[in-house]
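Raw contents of input.cif, mmCIF, C-alpha atoms:
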data_work
loop_
_atom_site.label_atom_id
_atom_site.label_comp_id
_atom_site.auth_asym_id
_atom_site.auth_seq_id
_atom_site.Cartn_x
_atom_site.Cartn_y
_atom_site.Cartn_z
CA MET A 1 0.00 0.00 0.00
CA GLN A 2 1.59 3.25 -1.13
CA PHE A 3 0.15 6.57 -0.03
CA GLN A 4 2.07 9.65 0.94
CA LEU A 5 0.98 12.36 3.33
CA PRO A 6 2.97 15.61 3.56
CA LEU A 7 3.86 15.07 7.22
CA PHE A 8 4.87 11.41 6.78
CA PRO A 9 8.49 10.42 6.07
CA GLN A 10 9.29 8.42 2.96
CA GLN A 11 8.24 4.78 2.91
CA ALA A 12 11.46 2.86 2.31
CA SER A 13 10.90 -0.58 3.90
CA THR A 14 8.54 -3.50 3.50
CA VAL A 15 6.62 -2.70 6.71
CA ALA A 16 6.45 1.09 6.30
CA GLY A 17 3.22 1.02 4.28
CA GLN A 18 1.58 -1.41 6.71
CA VAL A 19 2.51 0.73 9.72
CA ASP A 20 1.18 3.87 8.00
CA ALA A 21 -2.08 2.13 7.06
CA PHE A 22 -2.65 0.99 10.64
CA TYR A 23 -1.81 4.44 11.99
CA LEU A 24 -4.12 6.14 9.49
CA PHE A 25 -6.93 3.73 10.44
CA LEU A 26 -6.53 4.66 14.12
CA VAL A 27 -6.54 8.38 13.27
CA LEU A 28 -9.69 8.07 11.14
CA ILE A 29 -11.53 6.00 13.76
CA THR A 30 -10.56 8.47 16.50
CA THR A 31 -11.56 11.46 14.37
CA PHE A 32 -14.91 9.93 13.37
CA PHE A 33 -16.02 9.09 16.90
CA SER A 34 -14.71 12.36 18.33
CA LEU A 35 -16.78 14.33 15.81
CA LEU A 36 -19.79 12.03 16.28
CA ILE A 37 -19.78 12.47 20.06
CA ALA A 38 -19.21 16.25 19.81
CA LEU A 39 -22.08 16.67 17.33
CA LEU A 40 -24.42 14.49 19.40
CA ILE A 41 -23.63 16.50 22.51
CA LEU A 42 -24.33 19.72 20.64
CA PHE A 43 -27.56 18.27 19.20
CA PHE A 44 -28.85 17.11 22.59
CA ILE A 45 -27.92 20.40 24.25
CA ILE A 46 -30.10 22.28 21.76
CA LYS A 47 -32.95 19.78 21.42
CA TYR A 48 -33.39 19.04 25.12
CA ARG A 49 -32.60 22.44 26.56
CA ARG A 50 -34.73 23.62 29.47
CA ARG A 51 -38.02 25.27 28.46
CA PRO A 52 -40.62 26.85 30.77
CA ASP A 53 -43.55 25.11 29.06
CA ARG A 54 -42.07 21.59 29.00
CA GLN A 55 -42.25 18.91 31.67
CA ALA A 56 -39.52 16.31 32.19
CA GLU A 57 -40.28 12.79 30.95
CA GLN A 58 -38.93 9.49 32.25
CA ILE A 59 -37.03 7.41 29.67
CA HIS A 60 -36.67 3.69 30.31
CA GLY A 61 -33.99 3.04 27.66
CA SER A 62 -33.75 0.86 24.58
CA THR A 63 -32.30 -2.65 24.57
CA LEU A 64 -31.61 -2.46 20.84
CA LEU A 65 -29.70 0.80 21.23
CA GLU A 66 -27.59 -0.62 24.05
CA ILE A 67 -26.75 -3.71 21.99
CA VAL A 68 -25.74 -1.56 19.01
CA TRP A 69 -23.44 0.76 20.94
CA THR A 70 -21.85 -2.24 22.66
CA VAL A 71 -21.34 -4.54 19.66
CA ILE A 72 -20.01 -1.91 17.24
CA PRO A 73 -17.23 -0.58 19.55
CA LEU A 74 -16.36 -4.16 20.54
CA GLY A 75 -15.97 -5.16 16.89
CA ILE A 76 -13.81 -2.11 16.16
CA THR A 77 -11.52 -2.70 19.16
CA LEU A 78 -11.15 -6.39 18.28
CA CYS A 79 -10.22 -5.38 14.72
CA ILE A 80 -7.60 -2.97 16.10
CA PHE A 81 -6.23 -5.67 18.41
CA VAL A 82 -5.94 -8.38 15.74
CA TRP A 83 -4.45 -6.01 13.14
CA GLY A 84 -1.99 -4.56 15.66
CA ALA A 85 -1.00 -8.00 16.99
CA ILE A 86 -0.27 -9.32 13.48
CA LEU A 87 1.81 -6.25 12.66
CA PHE A 88 3.62 -6.38 16.01
CA TYR A 89 4.50 -10.05 15.54
CA LYS A 90 5.88 -9.33 12.07
CA ILE A 91 7.99 -6.40 13.30
CA GLU A 92 9.36 -8.27 16.33
CA ASN A 93 10.34 -11.50 14.54
CA PRO A 94 13.09 -11.15 11.93
CA PRO A 95 13.17 -13.70 9.08
CA ALA A 96 15.58 -16.61 9.46
CA ASN A 97 17.60 -15.55 6.41
CA ALA A 98 18.21 -12.01 7.68
CA LEU A 99 21.67 -10.48 7.35
CA GLU A 100 23.07 -9.96 10.86
CA VAL A 101 24.72 -6.71 11.89
CA TYR A 102 25.79 -5.68 15.40
CA GLY A 103 25.44 -2.18 16.82
CA VAL A 104 26.61 -0.45 20.00
CA GLY A 105 25.09 2.82 21.16
CA LYS A 106 27.14 5.12 23.37
CA GLN A 107 27.15 8.80 24.23
CA TRP A 108 26.87 10.08 21.56
CA MET A 109 27.42 7.83 18.57
CA TRP A 110 26.42 4.59 16.87
CA LYS A 111 29.07 1.92 16.17
CA PHE A 112 28.25 -0.94 13.80
CA GLN A 113 30.08 -4.17 12.96
CA HIS A 114 29.35 -6.39 9.97
CA PRO A 115 29.93 -10.18 10.03
CA GLY A 116 32.88 -9.74 7.66
CA GLY A 117 34.60 -7.43 10.13
CA GLN A 118 33.74 -4.09 8.49
CA ARG A 119 33.17 -1.33 11.03
CA GLU A 120 31.22 1.91 10.76
CA ILE A 121 30.47 4.89 12.98
CA ASN A 122 27.14 6.72 12.62
CA THR A 123 26.65 5.08 9.22
CA LEU A 124 25.16 1.70 8.36
CA HIS A 125 25.34 0.25 4.84
CA VAL A 126 22.70 -2.36 3.99
CA PRO A 127 21.46 -4.04 0.79
CA ILE A 128 17.93 -3.54 -0.49
CA GLY A 129 15.65 -6.53 -0.98
CA ARG A 130 17.14 -8.48 1.92
CA PRO A 131 16.07 -8.49 5.60
CA VAL A 132 18.68 -7.00 7.94
CA LYS A 133 18.70 -7.93 11.63
CA VAL A 134 20.53 -5.45 13.86
CA THR A 135 21.54 -6.73 17.31
CA LEU A 136 21.94 -3.72 19.59
CA ILE A 137 23.25 -2.91 23.05
CA SER A 138 24.07 0.29 24.92
CA GLN A 139 27.45 0.95 26.46
CA ASP A 140 26.14 3.51 28.96
CA VAL A 141 22.53 4.77 29.15
CA ILE A 142 19.29 3.95 27.35
CA HIS A 143 19.32 4.95 23.68
CA ASP A 144 16.79 4.38 20.90
CA PHE A 145 17.45 3.11 17.38
CA PHE A 146 15.00 5.01 15.16
CA VAL A 147 14.89 5.07 11.35
CA PRO A 148 11.70 6.97 10.38
CA ALA A 149 11.75 5.93 6.72
CA PHE A 150 11.78 2.25 7.74
CA ARG A 151 9.23 2.71 10.58
CA VAL A 152 11.52 0.92 13.03
CA LYS A 153 12.10 2.14 16.58
CA THR A 154 13.76 0.04 19.27
CA ASP A 155 14.96 0.93 22.77
CA VAL A 156 18.67 0.09 23.11
CA LEU A 157 19.41 -0.99 26.68
CA PRO A 158 22.62 -1.39 28.69
CA ASN A 159 23.57 -4.94 29.78
CA ARG A 160 21.10 -6.55 27.39
CA TYR A 161 20.95 -7.32 23.68
CA VAL A 162 17.86 -6.28 21.72
CA THR A 163 17.11 -6.77 18.04
CA SER A 164 15.54 -4.68 15.32
CA TRP A 165 15.05 -5.66 11.71
CA PHE A 166 13.98 -4.10 8.44
CA GLU A 167 14.08 -4.75 4.71
CA ALA A 168 14.92 -1.67 2.66
CA THR A 169 13.10 -1.33 -0.64
CA THR A 170 14.54 1.84 -2.17
CA PRO A 171 18.21 2.82 -2.53
CA GLY A 172 19.12 6.01 -0.73
CA SER A 173 20.39 7.58 2.48
CA TYR A 174 17.97 7.64 5.42
CA HIS A 175 18.18 9.43 8.75
CA LEU A 176 19.10 7.45 11.87
CA PHE A 177 18.19 9.06 15.19
CA CYS A 178 18.44 8.31 18.89
CA SER A 179 14.88 9.12 19.98
CA GLN A 180 15.52 8.61 23.72
CA TYR A 181 17.04 11.54 25.63
CA CYS A 182 20.52 10.33 26.56
CA GLY A 183 22.41 13.37 27.82
CA THR A 184 23.55 16.84 26.88
CA ASN A 185 24.56 15.95 23.29
CA HIS A 186 21.51 13.81 22.60
CA SER A 187 20.53 15.91 19.58
CA ALA A 188 23.94 15.21 17.99
CA MET A 189 23.50 11.42 18.13
CA ILE A 190 22.42 11.08 14.52
CA GLY A 191 23.56 9.01 11.59
CA HIS A 192 22.49 7.54 8.26
CA VAL A 193 21.40 4.17 6.96
CA ILE A 194 22.56 3.83 3.36
CA ALA A 195 20.49 1.35 1.38
CA MET A 196 22.30 0.02 -1.69
CA LYS A 197 21.62 -2.32 -4.57
CA PRO A 198 22.95 -5.83 -3.83
CA GLU A 199 25.81 -5.53 -6.32
CA ASP A 200 26.81 -2.12 -4.93
CA TYR A 201 26.65 -3.49 -1.40
CA ALA A 202 28.87 -6.43 -2.34
CA GLU A 203 31.34 -4.00 -3.89
CA TRP A 204 31.29 -1.88 -0.74
CA LEU A 205 32.00 -4.94 1.42
CA ALA A 206 34.91 -5.92 -0.77
CA SER A 207 36.40 -2.44 -0.59
CA GLY A 208 36.21 -2.30 3.22
CA LYS A 209 39.38 -2.50 5.30
CA ALA A 210 38.38 -5.40 7.52
CA GLU A 211 41.00 -7.25 9.54
CA GLY A 212 39.19 -10.57 9.44
CA SER A 213 35.62 -11.52 10.26
CA LEU A 214 33.91 -11.05 13.63
CA ALA A 215 34.21 -14.79 14.26
CA SER A 216 37.96 -14.80 13.61
CA ALA A 217 38.43 -11.75 15.87
CA GLY A 218 36.42 -13.56 18.54
CA GLU A 219 38.60 -16.64 18.19
CA LYS A 220 41.71 -14.51 18.83
CA LEU A 221 40.14 -13.10 22.00
CA PHE A 222 39.04 -16.59 23.02
CA GLN A 223 42.67 -17.74 22.80
CA GLU A 224 44.10 -14.55 24.33
CA PHE A 225 42.00 -14.82 27.48
CA GLY A 226 42.81 -18.50 27.91
CA CYS A 227 39.24 -19.71 27.45
CA THR A 228 40.47 -22.91 25.81
CA THR A 229 42.07 -23.91 29.12
CA CYS A 230 38.69 -24.93 30.54
CA HIS A 231 36.29 -25.00 27.58
CA ARG A 232 37.66 -28.10 25.88
CA PRO A 233 35.76 -30.90 24.13
CA ASP A 234 37.26 -33.64 26.33
CA SER A 235 36.27 -35.38 29.53
CA GLY A 236 38.83 -33.45 31.61
CA ALA A 237 37.40 -30.01 30.77
CA ARG A 238 36.56 -27.80 33.75
CA GLY A 239 34.07 -25.76 31.73
CA PRO A 240 31.16 -26.63 29.44
CA ASN A 241 31.87 -27.61 25.87
CA LEU A 242 30.86 -24.64 23.68
CA GLN A 243 30.68 -26.48 20.37
CA GLY A 244 27.13 -26.30 19.06
CA LEU A 245 26.04 -24.44 22.19
CA TYR A 246 24.40 -21.42 20.60
CA GLY A 247 20.62 -21.50 20.40
CA ARG A 248 20.26 -24.70 22.41
CA PRO A 249 18.78 -25.27 25.88
CA VAL A 250 21.20 -25.62 28.79
CA ARG A 251 20.49 -27.17 32.18
CA LEU A 252 21.80 -25.15 35.12
CA SER A 253 23.01 -26.30 38.52
CA ASP A 254 19.62 -25.43 40.05
CA ASN A 255 17.87 -27.54 37.35
CA ARG A 256 16.57 -24.51 35.50
CA ILE A 257 16.79 -24.68 31.71
CA VAL A 258 17.78 -21.60 29.71
CA VAL A 259 18.51 -21.01 26.03
CA ALA A 260 22.10 -20.17 25.13
CA ASP A 261 21.42 -16.96 23.19
CA ASP A 262 23.43 -13.74 22.91
CA ASN A 263 22.32 -12.46 26.31
CA TYR A 264 23.16 -15.75 28.03
CA ILE A 265 26.67 -15.82 26.55
CA ARG A 266 27.28 -12.16 27.47
CA GLU A 267 26.10 -12.70 31.05
CA SER A 268 28.20 -15.85 31.39
CA ILE A 269 31.32 -13.88 30.43
CA LEU A 270 30.69 -10.87 32.67
CA ASN A 271 28.92 -12.62 35.56
CA PRO A 272 29.79 -16.32 35.26
CA ASN A 273 28.32 -17.29 38.63
CA ALA A 274 24.84 -16.07 37.70
CA LYS A 275 23.99 -19.21 35.72
CA VAL A 276 26.32 -22.15 36.40
CA VAL A 277 25.92 -25.15 34.10
CA ASN A 278 24.88 -28.39 35.76
CA GLY A 279 27.87 -30.56 36.67
CA PHE A 280 30.44 -27.73 36.81
CA GLN A 281 31.93 -25.67 39.61
CA PRO A 282 31.71 -21.84 39.63
CA ILE A 283 35.45 -21.35 39.05
CA MET A 284 35.34 -18.98 36.08
CA PRO A 285 36.53 -15.42 36.87
CA THR A 286 34.55 -12.41 35.73
CA PHE A 287 35.68 -10.47 32.68
CA GLN A 288 33.75 -7.36 33.64
CA GLY A 289 35.81 -4.34 32.57
CA VAL A 290 38.28 -6.58 30.73
CA VAL A 291 36.35 -7.26 27.52
CA SER A 292 34.80 -4.35 25.60
CA GLU A 293 31.29 -4.47 24.15
CA GLU A 294 32.82 -4.98 20.71
CA GLY A 295 34.92 -7.83 22.11
CA LEU A 296 31.84 -9.48 23.64
CA ILE A 297 30.12 -9.32 20.26
CA GLN A 298 33.15 -10.91 18.58
CA ILE A 299 33.36 -13.75 21.12
CA THR A 300 29.62 -14.38 20.79
CA GLU A 301 29.95 -14.54 17.00
CA TYR A 302 32.82 -17.01 17.36
CA ILE A 303 30.77 -19.25 19.65
CA LYS A 304 27.94 -19.13 17.11
CA HIS A 305 30.29 -20.48 14.44
CA MET A 306 31.66 -23.36 16.52
CA GLY A 307 30.89 -26.87 15.37
CA THR A 308 27.76 -28.74 16.35
CA GLN A 309 27.41 -31.37 19.01
CA GLU A 310 25.91 -34.77 18.46
CA SER A 311 24.46 -35.09 21.95
CA GLU A 312 21.08 -34.20 23.39
CA PRO A 313 20.55 -30.44 23.70
CA ILE A 314 19.94 -30.05 27.43
CA ASN A 315 22.92 -31.65 29.15
CA ASN A 316 26.43 -30.72 28.07
CA ARG A 317 28.38 -33.50 26.39
CA THR A 318 31.50 -33.27 28.54
CA THR A 319 30.48 -33.07 32.16
CA PRO A 320 33.49 -33.74 34.41
CA ASP A 321 33.51 -35.25 37.85
CA GLN A 322 32.88 -32.89 40.74
CA LEU A 323 35.94 -30.87 41.76
CA ARG A 324 36.98 -31.00 45.37
CA ASP A 325 36.05 -27.86 47.31
CA ASN A 326 39.70 -27.10 48.18
CA GLU A 327 40.57 -27.02 44.46
CA VAL A 328 38.19 -24.19 43.57
CA PRO A 329 40.06 -21.20 45.15
CA MET A 330 43.37 -22.35 43.65
CA ILE A 331 41.93 -22.70 40.14
CA GLN A 332 40.20 -19.31 40.33
CA GLN A 333 43.45 -17.63 41.40
CA GLU A 334 45.42 -19.24 38.58
CA LEU A 335 42.83 -18.26 35.97
CA GLN A 336 42.80 -14.64 37.16
CA GLN A 337 46.60 -14.56 36.85
CA GLY A 338 46.41 -15.89 33.29
CA GLY A 339 48.12 -19.13 34.11
CA GLN A 340 47.06 -22.67 33.31
CA PRO A 341 45.45 -24.50 36.24
CA ALA A 342 47.30 -27.40 37.73
CA PRO A 343 45.95 -30.85 36.99
CA SER A 344 43.10 -31.84 39.30
CA GLY A 345 43.89 -35.52 39.27
CA LYS A 346 41.16 -36.43 36.75
CA LYS A 347 42.14 -38.26 33.62
CA PRO A 348 41.63 -36.38 30.33
#
Go ahead and render the structure in this file as structure tokens.
Amino acid sequence: MQFQLPLFPQQASTVAGQVDAFYLFLVLITTFFSLLIALLILFFIIKYRRRPDRQAEQIHGSTLLEIVWTVIPLGITLCIFVWGAILFYKIENPPANALEVYGVGKQWMWKFQHPGGQREINTLHVPIGRPVKVTLISQDVIHDFFVPAFRVKTDVLPNRYVTSWFEATTPGSYHLFCSQYCGTNHSAMIGHVIAMKPEDYAEWLASGKAEGSLASAGEKLFQEFGCTTCHRPDSGARGPNLQGLYGRPVRLSDNRIVVADDNYIRESILNPNAKVVNGFQPIMPTFQGVVSEEGLIQITEYIKHMGTQESEPINNRTTPDQLRDNEVPMIQQELQQGGQPAPSGKKP
């Protein structure tokens, strides 16, 4: 559906027309009933005004009238609910084949990373005709990812990943705003989303100065921080096997089951004792303040690209024997110092 009102921004995504149609329907319904009620009030004020020669009459009501003014508003509100729910579900659930891009909001800029390692500040290049899923997080306060031409608006929160998606339909440069007041320079936190033809986008990717993909950068950090010391695919591992972990359910030490998504991985790096996997001791040190938001994104992308497991999804494949309580402080101290823990006596 393509219609353009002077006060509306350009429609440049697949959902823009649907959002505008729903909004226009709400405006028309509100305007109609507001005028109807105002005119009826005016009519009754004039018709039933007080007159010296007229006596008041008792009115006992009309069942038909009550049914009509109950059924019609109910039908309209149900229509609004169903239409809005369908549109909301579509906006909140990106397609499975969407191109993934990561974004970090901070006072007062937007930083984006593409899977191939290309980085941008206050500019986001995307292809037209393909869904784009943007995984966002704030480095400080609450921001808001708002592209009026795409009709997408998502609160970007600290300490939690959120997603927004769109599919651009028309090449061009579109305004990107932070629509949540975030400090003194809030008005300067602006950028552009540049929608390109697929061949132009591919050319832009090839011309970018990327130092390896996000997954390869995450692998370097994974090795640098000594994560392979404990997260090994053998029976002597002191940490869960991460191969095939992403997107699968994990049983915790308190028998809760959670899904290993982006937020779970991030929390496990920064606050490892919050959700301890069943069968493992809480010996992992926190990396709060050690790994940047960009580094967390890179490690998460690396874990996503690890190989798959052949075991059942809930319990981890390599669950070691319980560590003795007196081993835990020693292992934690060695990991914090960057050293390799001493053997615990279990066979690999």
Chain and number of each residue from the PyMOL selection byres ((chain A and resi 184-193) around 7), as a ChimeraX atom specification: /A:108-109,122-125,173-178,181-183,194-195
Ground truth for the PyMOL selection byres ((chain A and resi 287) around 8), written as a list in words: Ile269, Leu270, Asn271, Pro285, Thr286, Gln288, Gly289, Val290 and Val291 of chain A
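Take the candidates A:Asp155, A:Glu92, A:Glu100, A:Glu66 and check each one against Val15 in chain A using only C-alpha atoms; the shortest distance goes to A:Glu92.
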Nearest-residue call for Lys133 in chain A, choices A:Gln281, A:Asn93, A:Thr77, A:Gln118, using only C-alpha atoms: A:Asn93
Atomic distance CA of Asn263 in chain A - CA of Thr14 in chain A, expressed in Å with one decimal: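 Separating CA of Asn263 in chain A from CA of Thr14 in chain A is a distance of 28.1 Å.
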Around all of range 125-133 of chain A's listed atoms, make the axis-aligned box with 4 Å on each side and tell me centre and edge lengths in Å to one decimal, as JSON.
{"center_x": 20.5, "center_y": -4.1, "center_z": 5.3, "size_x": 17.7, "size_y": 16.7, "size_z": 20.6}
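Closest approach to Phe88 in chain A among A:Val156, A:Leu221, A:Ala274, A:Val19 is made by A:Val19 (distances from all atoms listed in the file).
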